[in-house]
Amino acid sequence: MLVIWGRNNSVNVQKALWCCEEMSLPYRRIDAGGAFGVVNTPEYRKLNPNGLVPTIDDDGFVMWESNAIVRYLAAKHGRGSLLPNDARAQAIADQWMEWQVSLFWPTIRPLFMGLVRTPEAERDHRAIDNSRAKTAEVLGIVDSHLASQPFLAGDTLTIGDIPMGCSIWRWMALPIERPGLANVERWFDALTQRPAYKKIVMLPLS
Ligand SMILES: N[C@@H](CCC(=O)N[C@@H](CS)C(=O)NCC(=O)O)C(=O)O
């Protein structure tokens with residue numbers, strides 16, 4: 001059976017878990033990272049030399065990097081559904097996966113880490129405010145894109161929605177001021193209707 005290492009409150013672990021749940025793919029999750037430790041043991045470092053989560057072991061095939069894991073699992077089990085058949089739809093899904101990891105997450109991370117993982121007395125309010133403002137700004141790009149289609153790579157949920165879907169939950173669940181972004185809100189509402197998203201992503205922020 002597929003094994004996934006990683007604590008269930010990690011944005012990157014949630015990508016892999018949500019992907020499995022959407023495809024009804026059985027897996028066993030092992031807590032690792034954060035308070036669970038594990039990631040610095042020599043055994044874990046052999047699997048993932050970065051000491052980060054998630055890592056998967058699919059019948060002896062070991063890999064890491066959350067977006068690559070999502071692509072692998074969808075290529076194996078979700079062709080024509082989570083992984084679009086059409087080359088252009090697949091490229092657009094990839095585009096949003098890359099955008100999440102290279103631009104969106106670094107933009108929202110100071111806000112999330114500041115408000116969720118930093119004690120109030122130690123918060124850098126300037127960094128938090130800047131991160132909130134910049135995240136609101138870049139979400140305008142997502143909003144414009146979603147004006148013409150229900151999901152990021154077309155009419156149905158694909159791997160392109162998974163990284164941003166995990167991230168947008170943080171934005172929506174934080175106690176902050178958010179600009180009205182009608183298309184992002186419609187897309188987010190659609191995600192919240194999905195049992196797999198509810199089960200894996202819509203957890204209290206921690
Ligand atoms: N680029 C990597 C980043 C992985 C990463 O930064 N994971 C975080 C959790 S979201 C982590 O392992 N942090 C250390 C820990 O949890 O102990 C990926 O997408 O898989």
# chains A, B, ... in the order shown; residues from 1 in each chain; ligands from 1

$ residues_near_ligand --ligand "ligand 1" --cutoff "12 Å" --atoms "only C-alpha atoms and all ligand atoms" --output "PyMOL selection string"
chain A and resi 4-16+31-41+44-45+48-56+63-71+97-98+100-102+105-106+109+112-113+117+162-163+166-167+206

$ residues_around --residues "Ala133 of chain A" --least-positions-apart "2" --cutoff "12 Å" --atoms "only C-alpha atoms" --output "CSV table (one decimal) with N, CA, C and O atoms, in the first residue's frame"
chain,number,residue,atom,x,y,z
A,107,THR,N,4.6,34.2,-0.9
A,107,THR,CA,4.0,35.5,-0.6
A,107,THR,C,3.1,35.4,0.7
A,107,THR,O,3.1,36.3,1.5
A,108,ILE,N,2.4,34.3,0.8
A,108,ILE,CA,1.4,34.1,2.0
A,108,ILE,C,2.1,33.6,3.2
A,108,ILE,O,1.6,33.7,4.3
A,110,PRO,N,4.7,34.4,5.2
A,110,PRO,CA,4.9,35.2,6.4
A,110,PRO,C,3.6,35.5,7.2
A,110,PRO,O,3.6,35.6,8.4
A,111,LEU,N,2.6,35.7,6.4
A,111,LEU,CA,1.2,35.9,7.1
A,111,LEU,C,0.8,34.7,7.9
A,111,LEU,O,0.4,34.8,9.0
A,126,ARG,N,4.9,44.1,10.8
A,126,ARG,CA,5.1,44.7,9.5
A,126,ARG,C,5.2,43.7,8.4
A,126,ARG,O,4.6,43.8,7.3
A,127,ALA,N,5.9,42.6,8.7
A,127,ALA,CA,6.0,41.5,7.7
A,127,ALA,C,4.7,40.8,7.5
A,127,ALA,O,4.3,40.5,6.3
A,128,ILE,N,3.9,40.7,8.5
A,128,ILE,CA,2.6,40.1,8.4
A,128,ILE,C,1.7,41.0,7.6
A,128,ILE,O,1.0,40.5,6.6
A,129,ASP,N,1.7,42.3,7.8
A,129,ASP,CA,0.8,43.2,7.0
A,129,ASP,C,1.3,43.2,5.6
A,129,ASP,O,0.4,43.2,4.7
A,130,ASN,N,2.6,43.3,5.3
A,130,ASN,CA,3.1,43.3,3.9
A,130,ASN,C,2.6,42.0,3.2
A,130,ASN,O,2.2,42.0,2.1
A,131,SER,N,2.7,40.9,3.9
A,131,SER,CA,2.4,39.6,3.3
A,131,SER,C,0.9,39.6,3.0
A,131,SER,O,0.5,39.1,1.9
A,135,THR,N,-0.4,39.3,-0.8
A,135,THR,CA,-1.2,38.1,-1.1
A,135,THR,C,-2.5,38.5,-1.7
A,135,THR,O,-3.0,37.9,-2.7
A,136,ALA,N,-3.2,39.5,-1.2
A,136,ALA,CA,-4.4,40.0,-1.7
A,136,ALA,C,-4.2,40.5,-3.2
A,136,ALA,O,-5.0,40.2,-4.1
A,137,GLU,N,-3.1,41.1,-3.4
A,137,GLU,CA,-2.8,41.6,-4.7
A,137,GLU,C,-2.6,40.5,-5.7
A,137,GLU,O,-3.2,40.5,-6.8
A,138,VAL,N,-1.8,39.5,-5.4
A,138,VAL,CA,-1.5,38.4,-6.3
A,138,VAL,C,-2.8,37.5,-6.5
A,138,VAL,O,-2.9,36.9,-7.6
A,139,LEU,N,-3.6,37.5,-5.5
A,139,LEU,CA,-4.9,36.7,-5.7
A,139,LEU,C,-5.8,37.3,-6.8
A,139,LEU,O,-6.6,36.6,-7.4
A,140,GLY,N,-5.5,38.6,-7.1
A,140,GLY,CA,-6.2,39.2,-8.2
A,140,GLY,C,-5.9,38.5,-9.6
A,140,GLY,O,-6.8,38.4,-10.5
A,171,TRP,N,-5.7,31.2,3.6
A,171,TRP,CA,-6.1,32.6,3.4
A,171,TRP,C,-7.5,32.8,3.9
A,171,TRP,O,-7.8,33.8,4.5
A,176,ILE,N,-8.4,37.7,9.1
A,176,ILE,CA,-7.8,38.9,8.4
A,176,ILE,C,-8.8,39.6,7.6
A,176,ILE,O,-9.9,39.0,7.2
A,177,GLU,N,-8.5,40.8,7.1
A,177,GLU,CA,-9.3,41.5,6.1
A,177,GLU,C,-8.9,41.0,4.7
A,177,GLU,O,-7.7,40.9,4.4
A,178,ARG,N,-9.9,40.6,4.0
A,178,ARG,CA,-9.7,40.1,2.6
A,178,ARG,C,-10.5,41.0,1.6
A,178,ARG,O,-11.7,41.3,1.9
A,179,PRO,N,-9.9,41.3,0.5
A,179,PRO,CA,-10.7,42.0,-0.5
A,179,PRO,C,-11.7,41.1,-1.2
A,179,PRO,O,-11.5,39.9,-1.2

$ atom_distance --atom1 "atom CA of Leu174 of chain A" --atom2 "atom CA of Arg132 of chain A"
10.3 Å

$ select_by_dssp --residues "segment 21-190 of chain A" --states "strand (DSSP E)" --output "list in words"
Tyr27, Arg28, Arg29, Ile30, Thr55, Ile56, Asp57, Asp58, Phe61, Val62, Met63 and Trp64 of chain A

$ write_last_selection --atoms "all heavy atoms" --output "short mmCIF file (atom, residue, chain, number, x, y, z; two decimals), in the first residue's frame"
data_model
loop_
_atom_site.label_atom_id
_atom_site.label_comp_id
_atom_site.auth_asym_id
_atom_site.auth_seq_id
_atom_site.Cartn_x
_atom_site.Cartn_y
_atom_site.Cartn_z
N TYR A 27 -4.24 4.62 1.23
CA TYR A 27 -2.88 4.96 1.65
C TYR A 27 -2.81 4.84 3.17
O TYR A 27 -3.83 4.80 3.86
CB TYR A 27 -2.53 6.41 1.24
CG TYR A 27 -3.43 7.46 1.84
CD1 TYR A 27 -3.14 8.04 3.09
CD2 TYR A 27 -4.60 7.85 1.18
CE1 TYR A 27 -3.99 8.99 3.64
CE2 TYR A 27 -5.44 8.80 1.74
CZ TYR A 27 -5.14 9.36 2.96
OH TYR A 27 -5.99 10.29 3.52
N ARG A 28 -1.57 4.74 3.64
CA ARG A 28 -1.34 4.77 5.09
C ARG A 28 -0.49 5.98 5.38
O ARG A 28 0.55 6.17 4.74
CB ARG A 28 -0.61 3.49 5.52
CG ARG A 28 -0.37 3.39 7.03
CD ARG A 28 -0.02 1.95 7.40
NE ARG A 28 1.30 1.58 6.93
CZ ARG A 28 2.43 1.72 7.64
NH1 ARG A 28 2.39 2.23 8.86
NH2 ARG A 28 3.59 1.35 7.14
N ARG A 29 -0.94 6.83 6.29
CA ARG A 29 -0.16 8.04 6.62
C ARG A 29 0.59 7.82 7.92
O ARG A 29 0.03 7.28 8.88
CB ARG A 29 -1.09 9.25 6.75
CG ARG A 29 -0.33 10.57 6.90
CD ARG A 29 -1.29 11.75 7.03
NE ARG A 29 -2.09 11.68 8.24
CZ ARG A 29 -1.68 12.01 9.46
NH1 ARG A 29 -0.44 12.45 9.63
NH2 ARG A 29 -2.50 11.92 10.50
N ILE A 30 1.85 8.23 7.94
CA ILE A 30 2.66 8.14 9.15
C ILE A 30 3.02 9.56 9.58
O ILE A 30 3.58 10.33 8.78
CB ILE A 30 3.96 7.33 8.89
CG1 ILE A 30 3.60 5.91 8.42
CG2 ILE A 30 4.84 7.30 10.13
CD1 ILE A 30 4.81 5.06 8.04
N THR A 55 6.90 12.66 2.14
CA THR A 55 7.64 11.66 1.38
C THR A 55 6.67 10.52 1.14
O THR A 55 5.82 10.25 2.00
CB THR A 55 8.83 11.13 2.21
OG1 THR A 55 9.69 12.21 2.54
CG2 THR A 55 9.62 10.07 1.46
N ILE A 56 6.76 9.87 -0.01
CA ILE A 56 5.91 8.69 -0.23
C ILE A 56 6.78 7.47 -0.53
O ILE A 56 7.91 7.59 -1.02
CB ILE A 56 4.87 8.89 -1.38
CG1 ILE A 56 5.56 9.04 -2.75
CG2 ILE A 56 3.94 10.04 -1.08
CD1 ILE A 56 4.61 8.87 -3.93
N ASP A 57 6.20 6.31 -0.22
CA ASP A 57 6.79 5.03 -0.61
C ASP A 57 5.65 4.24 -1.25
O ASP A 57 4.71 3.83 -0.58
CB ASP A 57 7.34 4.30 0.62
CG ASP A 57 7.98 2.96 0.26
OD1 ASP A 57 7.67 2.42 -0.83
OD2 ASP A 57 8.77 2.45 1.07
N ASP A 58 5.74 4.09 -2.57
CA ASP A 58 4.71 3.38 -3.32
C ASP A 58 5.29 2.03 -3.73
O ASP A 58 5.96 1.92 -4.76
CB ASP A 58 4.32 4.21 -4.55
CG ASP A 58 3.15 3.61 -5.31
OD1 ASP A 58 2.36 2.86 -4.70
OD2 ASP A 58 3.04 3.89 -6.53
N PHE A 61 8.90 2.37 -4.33
CA PHE A 61 9.27 3.57 -5.10
C PHE A 61 9.13 4.77 -4.16
O PHE A 61 8.02 5.12 -3.75
CB PHE A 61 8.37 3.72 -6.33
CG PHE A 61 8.59 5.02 -7.06
CD1 PHE A 61 9.76 5.26 -7.75
CD2 PHE A 61 7.61 6.01 -7.06
CE1 PHE A 61 9.97 6.46 -8.42
CE2 PHE A 61 7.80 7.21 -7.74
CZ PHE A 61 8.99 7.44 -8.42
N VAL A 62 10.29 5.36 -3.81
CA VAL A 62 10.29 6.44 -2.83
C VAL A 62 10.53 7.77 -3.54
O VAL A 62 11.41 7.87 -4.40
CB VAL A 62 11.40 6.20 -1.78
CG1 VAL A 62 11.49 7.37 -0.79
CG2 VAL A 62 11.14 4.90 -1.03
N MET A 63 9.74 8.78 -3.17
CA MET A 63 9.98 10.11 -3.73
C MET A 63 9.49 11.20 -2.78
O MET A 63 8.74 10.92 -1.85
CB MET A 63 9.36 10.27 -5.12
CG MET A 63 7.86 10.29 -5.13
SD MET A 63 7.14 10.66 -6.76
CE MET A 63 7.66 12.36 -7.04
N TRP A 64 9.91 12.44 -3.05
CA TRP A 64 9.51 13.60 -2.26
C TRP A 64 9.29 14.77 -3.20
O TRP A 64 9.49 14.62 -4.40
CB TRP A 64 10.56 13.93 -1.18
CG TRP A 64 11.99 13.68 -1.55
CD1 TRP A 64 12.70 12.55 -1.29
CD2 TRP A 64 12.88 14.55 -2.27
NE1 TRP A 64 13.98 12.68 -1.79
CE2 TRP A 64 14.12 13.90 -2.38
CE3 TRP A 64 12.75 15.84 -2.81
CZ2 TRP A 64 15.22 14.48 -3.02
CZ3 TRP A 64 13.84 16.41 -3.45
CH2 TRP A 64 15.06 15.73 -3.55
#

$ select_by_dssp --residues "segment 91-189 of chain A" --states "helix (DSSP H, G or I)" --output "PyMOL selection string"
chain A and resi 91-116+120-122+125-145+161-173+182-189

$ closest_residue --among "A:Ser148, A:Thr118, A:Gln95, A:Asn183" --to "Asp161 of chain A" --atoms "only C-alpha atoms"
A:Gln95

$ closest_residue --among "A:Ser144, A:Thr158, A:Gln193, A:Gln149" --to "Arg79 of chain A" --atoms "only C-alpha atoms"
A:Thr158

$ closest_residue --among "A:Phe151, A:Ala182, A:Phe104, A:Ala75" --to "Lys134 of chain A" --atoms "only C-alpha atoms"
A:Phe104

$ atom_distance --atom1 "atom CA of Cys19 of chain A" --atom2 "atom CA of Glu43 of chain A"
26.0 Å

$ closest_residue --among "A:Lys199, A:Arg186, A:His77, A:Arg194" --to "Leu17 of chain A" --atoms "only C-alpha atoms"
A:Lys199

$ atom_distance --atom1 "atom CA of Glu120 of chain A" --atom2 "atom CA of Val201 of chain A"
24.8 Å

$ decode --residues "segment 111-128 of chain A" --atoms "N, CA and C atoms" --output "CSV table (one decimal), in the first residue's frame"
chain,number,residue,atom,x,y,z
A,111,LEU,N,2.6,35.7,6.4
A,111,LEU,CA,1.2,35.9,7.1
A,111,LEU,C,0.8,34.7,7.9
A,112,PHE,N,0.9,33.5,7.2
A,112,PHE,CA,0.5,32.3,7.8
A,112,PHE,C,1.4,32.0,9.0
A,113,MET,N,2.7,32.0,8.8
A,113,MET,CA,3.6,31.6,9.9
A,113,MET,C,3.5,32.6,11.1
A,114,GLY,N,3.3,33.9,10.7
A,114,GLY,CA,3.2,35.0,11.7
A,114,GLY,C,2.0,34.8,12.6
A,115,LEU,N,0.8,34.6,12.0
A,115,LEU,CA,-0.4,34.5,12.7
A,115,LEU,C,-0.7,33.2,13.3
A,116,VAL,N,-0.2,32.1,12.7
A,116,VAL,CA,-0.6,30.8,13.2
A,116,VAL,C,0.5,30.1,14.0
A,117,ARG,N,1.8,30.3,13.6
A,117,ARG,CA,2.9,29.5,14.3
A,117,ARG,C,3.8,30.4,15.1
A,118,THR,N,3.5,31.7,15.3
A,118,THR,CA,4.3,32.6,16.1
A,118,THR,C,3.6,33.1,17.3
A,119,PRO,N,4.1,33.0,18.5
A,119,PRO,CA,3.4,33.6,19.6
A,119,PRO,C,3.2,35.1,19.4
A,120,GLU,N,2.1,35.6,19.9
A,120,GLU,CA,1.8,37.0,19.7
A,120,GLU,C,2.9,38.0,20.0
A,121,ALA,N,3.6,37.8,21.1
A,121,ALA,CA,4.6,38.7,21.5
A,121,ALA,C,5.8,38.8,20.6
A,122,GLU,N,6.0,37.7,19.8
A,122,GLU,CA,7.1,37.6,18.9
A,122,GLU,C,6.8,37.9,17.4
A,123,ARG,N,5.6,38.4,17.2
A,123,ARG,CA,5.2,38.6,15.8
A,123,ARG,C,5.8,39.8,15.2
A,124,ASP,N,6.2,39.7,13.9
A,124,ASP,CA,6.7,40.8,13.1
A,124,ASP,C,5.5,41.4,12.3
A,125,HIS,N,4.8,42.4,12.9
A,125,HIS,CA,3.6,42.9,12.4
A,125,HIS,C,3.7,43.5,11.0
A,126,ARG,N,4.9,44.1,10.8
A,126,ARG,CA,5.1,44.7,9.5
A,126,ARG,C,5.2,43.7,8.4
A,127,ALA,N,5.9,42.6,8.7
A,127,ALA,CA,6.0,41.5,7.7
A,127,ALA,C,4.7,40.8,7.5
A,128,ILE,N,3.9,40.7,8.5
A,128,ILE,CA,2.6,40.1,8.4
A,128,ILE,C,1.7,41.0,7.6
